[in-house]
Amino acid sequence: MRQKNRYIGLDDILRSIRNNVVKIIPESSSLFKWLSLIGLKINAKKHHAIRTSMVMGVYATQHCNLNCKCCTAYSPIAEKEFLNIDTYKKDMEKLAELTGHKLESFYVTGGEPLLHPRLLEIFSIARDSFPETEIGFMTNGLLLLQMPEIFWESCGKNKIAINLSRYPVKLDIDKIREKANLHDIKFDYVGGSDVPVKSMWKYPFDLEGKQPLSRSFNICTQINRCITMQDGYIYPCNTIAGIKHFNKYFGKNLEVTVNDVLDLHKVKDVKEVYEFLNTPKPFCKYCNRKGVVFGLKYGSSKREISEWV
Ligand code: SF4
Ligand code: SF4
């Protein structure tokens, strides 16, 4: 069965506007920043609405085979780490039980997920747990054409979509598309087929933690979009889920408290999860969301703290 295309929603419309605006207004200009902040606010408002379903993600790896500056997954400074399959399986069972085997969507991310040696098990566990859910993974694409036939078969059989981030790297897109079509796999760029080549956005931290929680939270577009499940916990965003790598590499202590996370195995019903996701977290005090820097020219990370603060 061919994988279905999603309906066109507000996200798609905003994305399309952004993709076209960027062709005429330089991303580094004040006008672009102003328009983007308005876009972020509209987007955030939509995602702050009380949920009736969830978009859930897991980090397959946090390290990566690219080294992009300002990476929001901290991959350039992350230690090599792979999603533990046993823990992941238990977490998925619990999540499926809580949600009645239904999510808005489920995605596997990184770092670079294709580096995980047991990626196909991650896919089949996801599909067994959520038979009807849209499932996909994010990739920079560099390893796609080196993947064995069994990988393509698994994506086709489990209906796993390939979401390619459009970095300025050399890829044989036609060949990748041909492979995906052959196996009936949904394939597109993250941000839509007309997305421009990626520039980098810096979401700076306030190391002193002086940001008003509600202000950071209210314009945060990670809410209900970047929910992350990791080692038995639900994190409201991938920022908190990955911060240990930033802390370790730079010797900082951006503190994650018990109120920033939800113990998945202690949750009684899904309403408890939705309520948790809809309130600011203590960690939001470190996020200077208003200070976001748009349109930085793509380049390699020098692993300097200035890329994240
Ligand atoms: S490809 Fe993506 S995850 Fe990897 S370093 Fe670049 S921004 Fe980070
Ligand atoms: S800590 Fe708060 S403001 Fe920062 S990314 Fe997470 S939810 Fe958003």
# chains A, B, ... in the order shown; residues from 1 in each chain; ligands from 1

call {"tool": "residues_near_ligand", "arguments": {"ligand": "ligand 2", "cutoff": "6 Å", "atoms": "only C-alpha atoms and all ligand atoms", "output": "list in words"}}
result
Ser216, Phe217, Cys220, Gln222, Ile223, Pro236, Cys237, Thr239, Ile240, Lys281, Phe283, Cys284 and Cys287 of chain A

call {"tool": "residues_around", "arguments": {"residues": "region 108-121 of chain A", "least_positions_apart": "6", "cutoff": "9 Å", "atoms": "only C-alpha atoms", "output": "VMD selection string"}}
result
chain A and resid 56 to 66 73 to 76 78 82 to 83 85 135 to 141 143 to 144 147 150 to 151 154 to 155

call {"tool": "atom_distance", "arguments": {"atom1": "CA of Asp188 (chain A)", "atom2": "CA of Ala161 (chain A)"}}
result
8.2 Å

call {"tool": "atom_distance", "arguments": {"atom1": "CA of Phe106 (chain A)", "atom2": "CA of Leu182 (chain A)"}}
result
23.2 Å

call {"tool": "residues_around", "arguments": {"residues": "Glu307 (chain A)", "least_positions_apart": "3", "cutoff": "7 Å", "atoms": "only C-alpha atoms", "output": "ChimeraX atom specification"}}
result
/A:69-70,202,304

call {"tool": "write_last_selection", "arguments": {"atoms": "C-alpha atoms", "output": "CSV table (one decimal), in the first residue's frame"}}
result
chain,number,residue,atom,x,y,z
A,69,LYS,CA,27.6,24.8,13.7
A,70,CYS,CA,24.8,25.6,16.1
A,202,LYS,CA,21.0,29.8,16.7
A,304,GLU,CA,32.8,26.7,20.7

call {"tool": "atom_distance", "arguments": {"atom1": "CA of Asp263 (chain A)", "atom2": "CA of Asn158 (chain A)"}}
result
28.5 Å

call {"tool": "closest_residue", "arguments": {"among": "A:Leu207, A:Leu213, A:Cys68, A:Ile234", "to": "ligand 1", "atoms": "only C-alpha atoms and all ligand atoms"}}
result
A:Cys68

call {"tool": "residues_around", "arguments": {"residues": "Tyr233 (chain A)", "least_positions_apart": "6", "cutoff": "7 Å", "atoms": "only C-alpha atoms", "output": "number ranges by chain"}}
result
A: 261-264

call {"tool": "write_last_selection", "arguments": {"atoms": "all heavy atoms", "output": "mmCIF file, in the first residue's frame"}}
result
data_model
loop_
_atom_site.group_PDB
_atom_site.id
_atom_site.type_symbol
_atom_site.label_atom_id
_atom_site.label_comp_id
_atom_site.auth_asym_id
_atom_site.auth_seq_id
_atom_site.Cartn_x
_atom_site.Cartn_y
_atom_site.Cartn_z
ATOM 1 N N VAL A 261 10.722 16.842 33.539
ATOM 2 C CA VAL A 261 10.519 15.569 32.840
ATOM 3 C C VAL A 261 9.345 14.820 33.462
ATOM 4 O O VAL A 261 8.918 15.125 34.577
ATOM 5 C CB VAL A 261 11.783 14.679 32.920
ATOM 6 C CG1 VAL A 261 12.956 15.331 32.227
ATOM 7 C CG2 VAL A 261 12.143 14.355 34.362
ATOM 8 N N LEU A 262 8.865 13.843 32.731
ATOM 9 C CA LEU A 262 7.760 13.034 33.242
ATOM 10 C C LEU A 262 8.196 11.573 33.218
ATOM 11 O O LEU A 262 8.664 11.081 32.179
ATOM 12 C CB LEU A 262 6.544 13.243 32.332
ATOM 13 C CG LEU A 262 5.200 12.761 32.834
ATOM 14 C CD1 LEU A 262 4.771 13.507 34.098
ATOM 15 C CD2 LEU A 262 4.135 12.975 31.750
ATOM 16 N N ASP A 263 8.047 10.908 34.365
ATOM 17 C CA ASP A 263 8.404 9.487 34.429
ATOM 18 C C ASP A 263 7.305 8.688 33.730
ATOM 19 O O ASP A 263 6.219 8.492 34.272
ATOM 20 C CB ASP A 263 8.545 9.069 35.904
ATOM 21 C CG ASP A 263 9.066 7.642 36.034
ATOM 22 O OD1 ASP A 263 8.857 6.843 35.097
ATOM 23 O OD2 ASP A 263 9.673 7.339 37.076
ATOM 24 N N LEU A 264 7.600 8.244 32.540
ATOM 25 C CA LEU A 264 6.609 7.575 31.688
ATOM 26 C C LEU A 264 5.940 6.400 32.394
ATOM 27 O O LEU A 264 4.739 6.177 32.263
ATOM 28 C CB LEU A 264 7.326 7.106 30.409
ATOM 29 C CG LEU A 264 6.557 6.281 29.393
ATOM 30 C CD1 LEU A 264 5.403 7.076 28.797
ATOM 31 C CD2 LEU A 264 7.486 5.832 28.266
#

call {"tool": "residues_around", "arguments": {"residues": "region 174-181 of chain A", "least_positions_apart": "6", "cutoff": "8 Å", "atoms": "only C-alpha atoms", "output": "list in words"}}
result
Leu144, Leu145, Trp152 and Phe187 of chain A

call {"tool": "closest_residue", "arguments": {"among": "A:Asn67, A:Ser165, A:Tyr203, A:Ser29", "to": "Val190 (chain A)", "atoms": "only C-alpha atoms"}}
result
A:Ser165

call {"tool": "closest_residue", "arguments": {"among": "A:Asn288, A:Ser30, A:Ser124, A:Ser199", "to": "ligand 1", "atoms": "only C-alpha atoms and all ligand atoms"}}
result
A:Ser199

call {"tool": "closest_residue", "arguments": {"among": "A:Gly299, A:Gly232, A:Gly209, A:Gly39", "to": "ligand 1", "atoms": "only C-alpha atoms and all ligand atoms"}}
result
A:Gly299

call {"tool": "select_by_dssp", "arguments": {"residues": "region 17-165 of chain A", "states": "helix (DSSP H, G or I)", "output": "MDAnalysis selection string"}}
result
chainID A and resid 17:24 30:47 75:77 85:99 113:115 119:129 144:146 149:157

call {"tool": "select_by_dssp", "arguments": {"residues": "region 173-294 of chain A", "states": "strand (DSSP E or B)", "output": "PyMOL selection string"}}
result
chain A and resi 187-189+200-202+205+227-230+233-235+262-263+287+293-294
